[in-house]
file final-v7.cif (mmCIF, N, CA and C atoms)
data_my_file
loop_
_atom_site.group_PDB
_atom_site.id
_atom_site.type_symbol
_atom_site.label_atom_id
_atom_site.label_comp_id
_atom_site.auth_asym_id
_atom_site.auth_seq_id
_atom_site.Cartn_x
_atom_site.Cartn_y
_atom_site.Cartn_z
ATOM 1 N N MET H 44 0.857 -1.159 0.000
ATOM 2 C CA MET H 44 0.000 0.000 0.000
ATOM 3 C C MET H 44 0.911 1.231 0.000
ATOM 4 N N ARG H 45 0.503 2.237 -0.707
ATOM 5 C CA ARG H 45 1.331 3.431 -0.834
ATOM 6 C C ARG H 45 0.556 4.642 -0.326
ATOM 7 N N TYR H 46 1.186 5.378 0.581
ATOM 8 C CA TYR H 46 0.607 6.628 1.070
ATOM 9 C C TYR H 46 1.268 7.756 0.304
ATOM 10 N N ARG H 47 0.449 8.690 -0.169
ATOM 11 C CA ARG H 47 0.979 9.850 -0.882
ATOM 12 C C ARG H 47 0.330 11.092 -0.295
ATOM 13 N N ALA H 48 1.147 11.993 0.206
ATOM 14 C CA ALA H 48 0.641 13.226 0.816
ATOM 15 C C ALA H 48 0.144 14.184 -0.269
ATOM 16 N N ALA H 49 -0.741 15.060 0.132
ATOM 17 C CA ALA H 49 -1.239 16.082 -0.797
ATOM 18 C C ALA H 49 -0.167 17.159 -0.960
ATOM 19 N N LYS H 50 -0.084 17.728 -2.143
ATOM 20 C CA LYS H 50 0.918 18.756 -2.426
ATOM 21 C C LYS H 50 0.714 19.976 -1.540
ATOM 22 N N ALA H 51 -0.539 20.311 -1.274
ATOM 23 C CA ALA H 51 -0.831 21.466 -0.418
ATOM 24 C C ALA H 51 -0.313 21.231 1.004
ATOM 25 N N ASP H 52 -0.411 20.002 1.484
ATOM 26 C CA ASP H 52 0.077 19.693 2.833
ATOM 27 C C ASP H 52 1.599 19.795 2.907
ATOM 28 N N CYS H 53 2.272 19.268 1.883
ATOM 29 C CA CYS H 53 3.736 19.304 1.884
ATOM 30 C C CYS H 53 4.271 20.728 1.701
ATOM 31 N N ASP H 54 3.595 21.523 0.886
ATOM 32 C CA ASP H 54 4.059 22.894 0.659
ATOM 33 C C ASP H 54 3.945 23.737 1.922
ATOM 34 N N ALA H 55 2.941 23.471 2.751
ATOM 35 C CA ALA H 55 2.724 24.257 3.957
ATOM 36 C C ALA H 55 3.605 23.811 5.129
ATOM 37 N N CYS H 56 4.232 22.661 5.003
ATOM 38 C CA CYS H 56 5.009 22.085 6.110
ATOM 39 C C CYS H 56 6.396 22.721 6.179
ATOM 40 N N VAL H 57 6.852 23.016 7.417
ATOM 41 C CA VAL H 57 8.177 23.616 7.595
ATOM 42 C C VAL H 57 9.290 22.555 7.506
ATOM 43 N N LEU H 58 8.943 21.286 7.627
ATOM 44 C CA LEU H 58 9.921 20.207 7.584
ATOM 45 C C LEU H 58 10.131 19.643 6.171
ATOM 46 N N LYS H 59 9.488 20.238 5.178
ATOM 47 C CA LYS H 59 9.579 19.717 3.820
ATOM 48 C C LYS H 59 11.009 19.614 3.306
ATOM 49 N N PRO H 60 11.881 20.590 3.531
ATOM 50 C CA PRO H 60 13.261 20.453 3.024
ATOM 51 C C PRO H 60 13.993 19.232 3.608
ATOM 52 N N ASP H 61 13.680 18.852 4.851
ATOM 53 C CA ASP H 61 14.320 17.686 5.469
ATOM 54 C C ASP H 61 13.590 16.385 5.131
ATOM 55 N N CYS H 62 12.285 16.466 4.974
ATOM 56 C CA CYS H 62 11.448 15.281 4.793
ATOM 57 C C CYS H 62 11.549 14.722 3.377
ATOM 58 N N CYS H 63 11.345 15.545 2.390
ATOM 59 C CA CYS H 63 11.364 15.059 1.005
ATOM 60 C C CYS H 63 12.029 16.094 0.093
ATOM 61 N N PRO H 64 13.346 16.228 0.221
ATOM 62 C CA PRO H 64 14.043 17.190 -0.630
ATOM 63 C C PRO H 64 14.053 16.723 -2.092
ATOM 64 N N GLY H 65 13.804 17.637 -2.987
ATOM 65 C CA GLY H 65 13.828 17.307 -4.401
ATOM 66 C C GLY H 65 12.581 16.618 -4.910
ATOM 67 N N GLN H 66 11.589 16.422 -4.065
ATOM 68 C CA GLN H 66 10.344 15.799 -4.486
ATOM 69 C C GLN H 66 9.186 16.715 -4.116
ATOM 70 N N PRO H 67 8.145 16.738 -4.918
ATOM 71 C CA PRO H 67 7.028 17.636 -4.610
ATOM 72 C C PRO H 67 6.207 17.178 -3.403
ATOM 73 N N VAL H 68 6.078 15.862 -3.207
ATOM 74 C CA VAL H 68 5.283 15.340 -2.089
ATOM 75 C C VAL H 68 6.001 14.148 -1.456
ATOM 76 N N ARG H 69 5.538 13.780 -0.267
ATOM 77 C CA ARG H 69 6.092 12.635 0.470
ATOM 78 C C ARG H 69 5.341 11.377 0.070
ATOM 79 N N LYS H 70 6.087 10.313 -0.241
ATOM 80 C CA LYS H 70 5.502 9.012 -0.558
ATOM 81 C C LYS H 70 6.056 8.000 0.444
ATOM 82 N N ILE H 71 5.166 7.226 1.032
ATOM 83 C CA ILE H 71 5.569 6.221 2.014
ATOM 84 C C ILE H 71 4.949 4.888 1.613
ATOM 85 N N LEU H 72 5.778 3.853 1.531
ATOM 86 C CA LEU H 72 5.284 2.514 1.267
ATOM 87 C C LEU H 72 4.991 1.830 2.591
ATOM 88 N N ARG H 73 3.828 1.218 2.682
ATOM 89 C CA ARG H 73 3.430 0.508 3.897
ATOM 90 C C ARG H 73 2.723 -0.776 3.483
ATOM 91 N N SER H 74 3.164 -1.888 4.035
ATOM 92 C CA SER H 74 2.576 -3.177 3.708
ATOM 93 C C SER H 74 1.151 -3.258 4.255
ATOM 94 N N VAL H 75 0.315 -4.044 3.594
ATOM 95 C CA VAL H 75 -1.049 -4.231 4.094
ATOM 96 C C VAL H 75 -1.043 -5.029 5.395
ATOM 97 N N HIS H 76 0.052 -5.719 5.684
ATOM 98 C CA HIS H 76 0.162 -6.517 6.901
ATOM 99 C C HIS H 76 0.822 -5.744 8.044
ATOM 100 N N GLU H 77 1.131 -4.496 7.839
ATOM 101 C CA GLU H 77 1.851 -3.724 8.852
ATOM 102 C C GLU H 77 1.036 -3.542 10.129
ATOM 103 N N GLY H 78 -0.277 -3.480 10.015
ATOM 104 C CA GLY H 78 -1.118 -3.371 11.209
ATOM 105 C C GLY H 78 -0.981 -4.583 12.109
ATOM 106 N N VAL H 79 -0.934 -5.748 11.509
ATOM 107 C CA VAL H 79 -0.759 -6.978 12.282
ATOM 108 C C VAL H 79 0.642 -7.021 12.886
ATOM 109 N N ARG H 80 1.630 -6.553 12.143
ATOM 110 C CA ARG H 80 2.999 -6.505 12.673
ATOM 111 C C ARG H 80 3.086 -5.558 13.865
ATOM 112 N N ASP H 81 2.401 -4.419 13.783
ATOM 113 C CA ASP H 81 2.379 -3.483 14.914
ATOM 114 C C ASP H 81 1.759 -4.137 16.142
ATOM 115 N N LEU H 82 0.675 -4.883 15.936
ATOM 116 C CA LEU H 82 0.026 -5.581 17.046
ATOM 117 C C LEU H 82 0.966 -6.611 17.659
ATOM 118 N N ALA H 83 1.675 -7.355 16.821
ATOM 119 C CA ALA H 83 2.620 -8.356 17.324
ATOM 120 C C ALA H 83 3.757 -7.689 18.098
ATOM 121 N N ARG H 84 4.239 -6.547 17.609
ATOM 122 C CA ARG H 84 5.301 -5.829 18.336
ATOM 123 C C ARG H 84 4.806 -5.353 19.697
ATOM 124 N N ASP H 85 3.561 -4.884 19.752
ATOM 125 C CA ASP H 85 3.003 -4.434 21.027
ATOM 126 C C ASP H 85 2.833 -5.598 21.996
ATOM 127 N N LEU H 86 2.385 -6.750 21.480
ATOM 128 C CA LEU H 86 2.207 -7.917 22.344
ATOM 129 C C LEU H 86 3.549 -8.429 22.864
ATOM 130 N N ALA H 87 4.601 -8.283 22.083
ATOM 131 C CA ALA H 87 5.917 -8.765 22.495
ATOM 132 C C ALA H 87 6.475 -7.989 23.680
ATOM 133 N N LEU H 88 5.911 -6.846 23.977
ATOM 134 C CA LEU H 88 6.389 -6.036 25.094
ATOM 135 C C LEU H 88 5.656 -6.335 26.396
ATOM 136 N N THR H 89 4.643 -7.202 26.368
ATOM 137 C CA THR H 89 3.857 -7.478 27.570
ATOM 138 C C THR H 89 4.568 -8.494 28.458
ATOM 139 N N GLU H 90 4.212 -8.499 29.721
ATOM 140 C CA GLU H 90 4.787 -9.431 30.689
ATOM 141 C C GLU H 90 4.357 -10.867 30.380
ATOM 142 N N ALA H 91 3.120 -11.040 29.911
ATOM 143 C CA ALA H 91 2.626 -12.374 29.582
ATOM 144 C C ALA H 91 3.444 -12.994 28.453
ATOM 145 N N TYR H 92 3.853 -12.188 27.484
ATOM 146 C CA TYR H 92 4.663 -12.706 26.376
ATOM 147 C C TYR H 92 6.042 -13.130 26.859
ATOM 148 N N VAL H 93 6.619 -12.352 27.748
ATOM 149 C CA VAL H 93 7.943 -12.695 28.284
ATOM 150 C C VAL H 93 7.868 -14.020 29.033
ATOM 151 N N THR H 94 6.812 -14.202 29.828
ATOM 152 C CA THR H 94 6.622 -15.458 30.549
ATOM 153 C C THR H 94 6.427 -16.607 29.576
ATOM 154 N N SER H 95 5.616 -16.393 28.550
ATOM 155 C CA SER H 95 5.361 -17.423 27.544
ATOM 156 C C SER H 95 6.644 -17.808 26.820
ATOM 157 N N ARG H 96 7.467 -16.832 26.488
ATOM 158 C CA ARG H 96 8.720 -17.108 25.791
ATOM 159 C C ARG H 96 9.648 -17.946 26.666
ATOM 160 N N ARG H 97 9.675 -17.649 27.962
ATOM 161 C CA ARG H 97 10.526 -18.402 28.890
ATOM 162 C C ARG H 97 10.041 -19.857 28.991
ATOM 163 N N GLU H 98 8.720 -20.042 29.073
ATOM 164 C CA GLU H 98 8.162 -21.394 29.168
ATOM 165 C C GLU H 98 8.375 -22.170 27.868
ATOM 166 N N ARG H 99 8.217 -21.518 26.727
ATOM 167 C CA ARG H 99 8.434 -22.187 25.443
ATOM 168 C C ARG H 99 9.883 -22.641 25.306
ATOM 169 N N LYS H 100 10.796 -21.843 25.824
ATOM 170 C CA LYS H 100 12.206 -22.202 25.752
ATOM 171 C C LYS H 100 12.472 -23.482 26.528
ATOM 172 N N LYS H 101 11.846 -23.630 27.689
ATOM 173 C CA LYS H 101 12.017 -24.845 28.482
ATOM 174 C C LYS H 101 11.547 -26.072 27.716
ATOM 175 N N VAL H 102 10.382 -25.958 27.081
ATOM 176 C CA VAL H 102 9.829 -27.084 26.336
ATOM 177 C C VAL H 102 10.697 -27.409 25.131
ATOM 178 N N GLU H 103 11.125 -26.398 24.409
ATOM 179 C CA GLU H 103 11.955 -26.631 23.229
ATOM 180 C C GLU H 103 13.295 -27.255 23.605
ATOM 181 N N MET H 104 13.831 -26.891 24.755
ATOM 182 C CA MET H 104 15.091 -27.485 25.192
ATOM 183 C C MET H 104 14.911 -28.972 25.496
ATOM 184 N N LEU H 105 13.747 -29.350 26.018
ATOM 185 C CA LEU H 105 13.480 -30.771 26.268
ATOM 186 C C LEU H 105 13.428 -31.552 24.961
ATOM 187 N N PHE H 106 12.780 -30.991 23.953
ATOM 188 C CA PHE H 106 12.723 -31.668 22.660
ATOM 189 C C PHE H 106 14.114 -31.735 22.021
ATOM 190 N N ALA H 107 14.894 -30.679 22.164
ATOM 191 C CA ALA H 107 16.251 -30.691 21.629
ATOM 192 C C ALA H 107 17.082 -31.776 22.312
ATOM 193 N N HIS H 108 16.900 -31.920 23.609
ATOM 194 C CA HIS H 108 17.616 -32.960 24.349
ATOM 195 C C HIS H 108 17.200 -34.344 23.860
ATOM 196 N N LEU H 109 15.900 -34.540 23.648
ATOM 197 C CA LEU H 109 15.424 -35.824 23.124
ATOM 198 C C LEU H 109 16.061 -36.141 21.777
ATOM 199 N N LYS H 110 16.130 -35.143 20.931
ATOM 200 C CA LYS H 110 16.656 -35.376 19.585
ATOM 201 C C LYS H 110 18.170 -35.562 19.581
ATOM 202 N N ARG H 111 18.887 -34.739 20.329
ATOM 203 C CA ARG H 111 20.338 -34.745 20.250
ATOM 204 C C ARG H 111 20.962 -35.814 21.148
ATOM 205 N N ILE H 112 20.580 -35.861 22.411
ATOM 206 C CA ILE H 112 21.226 -36.750 23.368
ATOM 207 C C ILE H 112 20.646 -38.157 23.314
ATOM 208 N N LEU H 113 19.323 -38.273 23.280
ATOM 209 C CA LEU H 113 18.680 -39.588 23.283
ATOM 210 C C LEU H 113 18.462 -40.140 21.876
ATOM 211 N N LYS H 114 18.982 -39.450 20.871
ATOM 212 C CA LYS H 114 18.954 -39.909 19.477
ATOM 213 C C LYS H 114 17.530 -40.209 18.988
ATOM 214 N N LEU H 115 16.607 -39.330 19.323
ATOM 215 C CA LEU H 115 15.227 -39.501 18.865
ATOM 216 C C LEU H 115 14.980 -38.642 17.627
ATOM 217 N N ASP H 116 16.022 -38.497 16.788
ATOM 218 C CA ASP H 116 15.865 -37.675 15.592
ATOM 219 C C ASP H 116 14.972 -38.354 14.558
ATOM 220 N N ARG H 117 14.909 -39.686 14.600
ATOM 221 C CA ARG H 117 13.947 -40.391 13.758
ATOM 222 C C ARG H 117 13.436 -41.594 14.529
ATOM 223 N N LEU H 118 12.208 -41.980 14.241
ATOM 224 C CA LEU H 118 11.586 -43.088 14.960
ATOM 225 C C LEU H 118 11.938 -44.402 14.263
ATOM 226 N N ARG H 119 12.234 -45.407 15.041
ATOM 227 C CA ARG H 119 12.599 -46.704 14.489
ATOM 228 C C ARG H 119 11.425 -47.664 14.419
ATOM 229 N N LEU H 120 10.444 -47.501 15.274
ATOM 230 C CA LEU H 120 9.270 -48.374 15.286
ATOM 231 C C LEU H 120 8.215 -47.830 14.336
ATOM 232 N N ARG H 121 7.469 -48.727 13.734
ATOM 233 C CA ARG H 121 6.479 -48.322 12.740
ATOM 234 C C ARG H 121 5.098 -48.156 13.362
ATOM 235 N N GLY H 122 4.309 -47.318 12.713
ATOM 236 C CA GLY H 122 2.919 -47.133 13.115
ATOM 237 C C GLY H 122 2.761 -46.154 14.253
ATOM 238 N N PRO H 123 1.528 -45.711 14.447
ATOM 239 C CA PRO H 123 1.271 -44.743 15.531
ATOM 240 C C PRO H 123 1.574 -45.313 16.910
ATOM 241 N N ASN H 124 1.250 -46.587 17.123
ATOM 242 C CA ASN H 124 1.510 -47.179 18.443
ATOM 243 C C ASN H 124 3.005 -47.338 18.687
ATOM 244 N N GLY H 125 3.757 -47.708 17.654
ATOM 245 C CA GLY H 125 5.205 -47.829 17.799
ATOM 246 C C GLY H 125 5.846 -46.485 18.093
ATOM 247 N N ALA H 126 5.392 -45.447 17.379
ATOM 248 C CA ALA H 126 5.923 -44.100 17.617
ATOM 249 C C ALA H 126 5.586 -43.638 19.028
ATOM 250 N N LYS H 127 4.352 -43.921 19.451
ATOM 251 C CA LYS H 127 3.940 -43.531 20.807
ATOM 252 C C LYS H 127 4.786 -44.248 21.852
ATOM 253 N N ASP H 128 5.008 -45.552 21.659
ATOM 254 C CA ASP H 128 5.797 -46.319 22.620
ATOM 255 C C ASP H 128 7.238 -45.824 22.673
ATOM 256 N N GLU H 129 7.821 -45.553 21.503
ATOM 257 C CA GLU H 129 9.210 -45.087 21.458
ATOM 258 C C GLU H 129 9.350 -43.718 22.122
ATOM 259 N N PHE H 130 8.406 -42.833 21.853
ATOM 260 C CA PHE H 130 8.460 -41.512 22.472
ATOM 261 C C PHE H 130 8.240 -41.610 23.975
ATOM 262 N N LEU H 131 7.339 -42.500 24.397
ATOM 263 C CA LEU H 131 7.080 -42.681 25.824
ATOM 264 C C LEU H 131 8.329 -43.184 26.541
ATOM 265 N N LEU H 132 9.048 -44.117 25.924
ATOM 266 C CA LEU H 132 10.285 -44.611 26.530
ATOM 267 C C LEU H 132 11.341 -43.507 26.626
ATOM 268 N N ALA H 133 11.465 -42.712 25.571
ATOM 269 C CA ALA H 133 12.453 -41.627 25.583
ATOM 270 C C ALA H 133 12.089 -40.586 26.640
ATOM 271 N N ALA H 134 10.807 -40.242 26.739
ATOM 272 C CA ALA H 134 10.377 -39.259 27.736
ATOM 273 C C ALA H 134 10.573 -39.801 29.146
ATOM 274 N N THR H 135 10.342 -41.099 29.330
ATOM 275 C CA THR H 135 10.561 -41.717 30.641
ATOM 276 C C THR H 135 12.039 -41.654 31.016
ATOM 277 N N ALA H 136 12.903 -41.964 30.053
ATOM 278 C CA ALA H 136 14.351 -41.881 30.310
ATOM 279 C C ALA H 136 14.749 -40.453 30.670
ATOM 280 N N GLN H 137 14.171 -39.499 29.976
ATOM 281 C CA GLN H 137 14.478 -38.096 30.255
ATOM 282 C C GLN H 137 14.018 -37.709 31.659
ATOM 283 N N ASN H 138 12.828 -38.148 32.044
ATOM 284 C CA ASN H 138 12.317 -37.839 33.382
ATOM 285 C C ASN H 138 13.139 -38.522 34.467
ATOM 286 N N LEU H 139 13.592 -39.750 34.218
ATOM 287 C CA LEU H 139 14.424 -40.438 35.202
ATOM 288 C C LEU H 139 15.759 -39.717 35.396
ATOM 289 N N ARG H 140 16.334 -39.235 34.313
ATOM 290 C CA ARG H 140 17.578 -38.460 34.420
ATOM 291 C C ARG H 140 17.357 -37.201 35.246
ATOM 292 N N LYS H 141 16.222 -36.532 34.998
ATOM 293 C CA LYS H 141 15.920 -35.307 35.743
ATOM 294 C C LYS H 141 15.712 -35.614 37.224
ATOM 295 N N MET H 142 14.999 -36.706 37.526
ATOM 296 C CA MET H 142 14.763 -37.085 38.921
ATOM 297 C C MET H 142 16.063 -37.444 39.616
ATOM 298 N N ALA H 143 16.988 -38.115 38.909
ATOM 299 C CA ALA H 143 18.263 -38.496 39.509
ATOM 300 C C ALA H 143 19.071 -37.265 39.899
ATOM 301 N N LYS H 144 18.938 -36.193 39.144
ATOM 302 C CA LYS H 144 19.654 -34.958 39.485
ATOM 303 C C LYS H 144 19.020 -34.251 40.678
ATOM 304 N N LEU H 145 17.713 -34.423 40.852
ATOM 305 C CA LEU H 145 17.022 -33.743 41.943
ATOM 306 C C LEU H 145 17.202 -34.450 43.286
ATOM 307 N N LEU H 146 17.293 -35.773 43.276
ATOM 308 C CA LEU H 146 17.420 -36.513 44.513
ATOM 309 C C LEU H 146 18.829 -36.370 45.067
ATOM 310 N N PRO H 147 18.958 -36.189 46.385
ATOM 311 C CA PRO H 147 20.299 -36.047 46.949
ATOM 312 C C PRO H 147 21.056 -37.379 46.866
ATOM 313 N N MET H 148 22.322 -37.272 46.596
ATOM 314 C CA MET H 148 23.169 -38.463 46.522
ATOM 315 C C MET H 148 23.474 -38.957 47.940
ATOM 316 N N LYS H 149 23.274 -40.254 48.179
ATOM 317 C CA LYS H 149 23.610 -40.809 49.480
ATOM 318 C C LYS H 149 25.081 -41.204 49.459
ATOM 319 N N ALA H 150 25.678 -41.204 50.635
ATOM 320 C CA ALA H 150 27.094 -41.554 50.730
ATOM 321 C C ALA H 150 27.276 -43.019 50.301
ATOM 322 N N GLN H 151 28.222 -43.242 49.432
ATOM 323 C CA GLN H 151 28.458 -44.604 48.949
ATOM 324 C C GLN H 151 29.205 -45.396 50.001
ATOM 325 N N LEU H 152 28.794 -46.651 50.145
ATOM 326 C CA LEU H 152 29.438 -47.523 51.123
ATOM 327 C C LEU H 152 30.747 -48.043 50.531
ATOM 328 N N VAL H 153 31.767 -48.061 51.342
ATOM 329 C CA VAL H 153 33.067 -48.528 50.880
ATOM 330 C C VAL H 153 33.280 -49.960 51.273
#

call {"tool": "encode", "arguments": {"input": "final-v7.cif", "output": "structure tokens"}}
result
Amino acid sequence: MRYRAAKADCDACVLKPDCCPGQPVRKILRSVHEGVRDLARDLALTEAYVTSRRERKKVEMLFAHLKRILKLDRLRLRGPNGAKDEFLLAATAQNLRKMAKLLPMKAQLV
């Protein structure tokens, strides 16, 4: 979308030499989606968005760990039930690792 100022408006403006030198009027290009972009920029400044971004990062890190460390980059079992079982085993292993870090280590017997 293109905005074009009226010549009468530009001629009366004191900022015309700085705004559009060498042109009779000011022309501004603006995308039709710019309103939605403005809304998204405003939402990104809210506290709820910051909290959401922090929570999403935690979830994405878990999936990255599944893919990189537990080698779940591709499923080996076939079918929906096989995929579900394989993912359930990987998630269980991930939860057990997390629980092992949370539980205090007992003194080992010599």

call {"tool": "atom_distance", "arguments": {"input": "final-v7.cif", "atom1": "atom CA of Leu109 of chain H", "atom2": "atom N of Lys144 of chain H"}}
result
16.4 Å

call {"tool": "closest_residue", "arguments": {"input": "final-v7.cif", "among": "H:Leu86, H:Cys63, H:Ala134, H:Val68", "to": "Ala49 of chain H", "atoms": "only N, CA and C atoms"}}
result
H:Val68

call {"tool": "residues_around", "arguments": {"input": "final-v7.cif", "residues": "Pro67 of chain H", "least_positions_apart": "6", "cutoff": "9 Å", "atoms": "only C-alpha atoms", "output": "list in words"}}
result
Lys50, Cys53 and Asp54 of chain H

call {"tool": "closest_residue", "arguments": {"input": "final-v7.cif", "among": "H:Leu118, H:Ala107, H:Arg45, H:Gly125", "to": "Val75 of chain H", "atoms": "all atoms listed in the file"}}
result
H:Arg45

call {"tool": "atom_distance", "arguments": {"input": "final-v7.cif", "atom1": "atom C of Arg111 of chain H", "atom2": "atom N of Leu145 of chain H"}}
result
20.0 Å

call {"tool": "select_by_dssp", "arguments": {"input": "final-v7.cif", "residues": "chain H", "states": "alpha helix (DSSP H)", "output": "ChimeraX atom specification"}}
result
/H:50-55,59-62,77-86,90-111,122-145

call {"tool": "closest_residue", "arguments": {"input": "final-v7.cif", "among": "H:Arg121, H:Lys141, H:Arg73, H:Arg97", "to": "Arg47 of chain H", "atoms": "only C-alpha atoms"}}
result
H:Arg73

call {"tool": "atom_distance", "arguments": {"input": "final-v7.cif", "atom1": "atom CA of Arg69 of chain H", "atom2": "atom CA of Ala48 of chain H"}}
result
5.5 Å

call {"tool": "select_by_dssp", "arguments": {"input": "final-v7.cif", "residues": "chain H", "states": "strand (DSSP E or B)", "output": "list in words"}}
result
Arg45, Tyr46, Arg47, Lys70, Ile71 and Leu72 of chain H

call {"tool": "resolve_selection", "arguments": {"input": "final-v7.cif", "expression": "the PyMOL selection byres (((chain H and resi 126-130 and name CA) around 12) and name CA)", "output": "ChimeraX atom specification"}}
result
/H:106,109-110,113-125,131-137

call {"tool": "closest_residue", "arguments": {"input": "final-v7.cif", "among": "H:Met44, H:Leu58, H:Ala51, H:Leu139", "to": "Lys70 of chain H", "atoms": "only C-alpha atoms"}}
result
H:Met44

call {"tool": "decode", "arguments": {"input": "final-v7.cif", "residues": "segment 92-106 of chain H", "atoms": "C-alpha atoms", "output": "mmCIF file, in the first residue's frame"}}
result
data_model
loop_
_atom_site.group_PDB
_atom_site.id
_atom_site.type_symbol
_atom_site.label_atom_id
_atom_site.label_comp_id
_atom_site.auth_asym_id
_atom_site.auth_seq_id
_atom_site.Cartn_x
_atom_site.Cartn_y
_atom_site.Cartn_z
ATOM 1 C CA TYR H 92 4.663 -12.706 26.376
ATOM 2 C CA VAL H 93 7.943 -12.695 28.284
ATOM 3 C CA THR H 94 6.622 -15.458 30.549
ATOM 4 C CA SER H 95 5.361 -17.423 27.544
ATOM 5 C CA ARG H 96 8.720 -17.108 25.791
ATOM 6 C CA ARG H 97 10.526 -18.402 28.890
ATOM 7 C CA GLU H 98 8.162 -21.394 29.168
ATOM 8 C CA ARG H 99 8.434 -22.187 25.443
ATOM 9 C CA LYS H 100 12.206 -22.202 25.752
ATOM 10 C CA LYS H 101 12.017 -24.845 28.482
ATOM 11 C CA VAL H 102 9.829 -27.084 26.336
ATOM 12 C CA GLU H 103 11.955 -26.631 23.229
ATOM 13 C CA MET H 104 15.091 -27.485 25.192
ATOM 14 C CA LEU H 105 13.480 -30.771 26.268
ATOM 15 C CA PHE H 106 12.723 -31.668 22.660
#
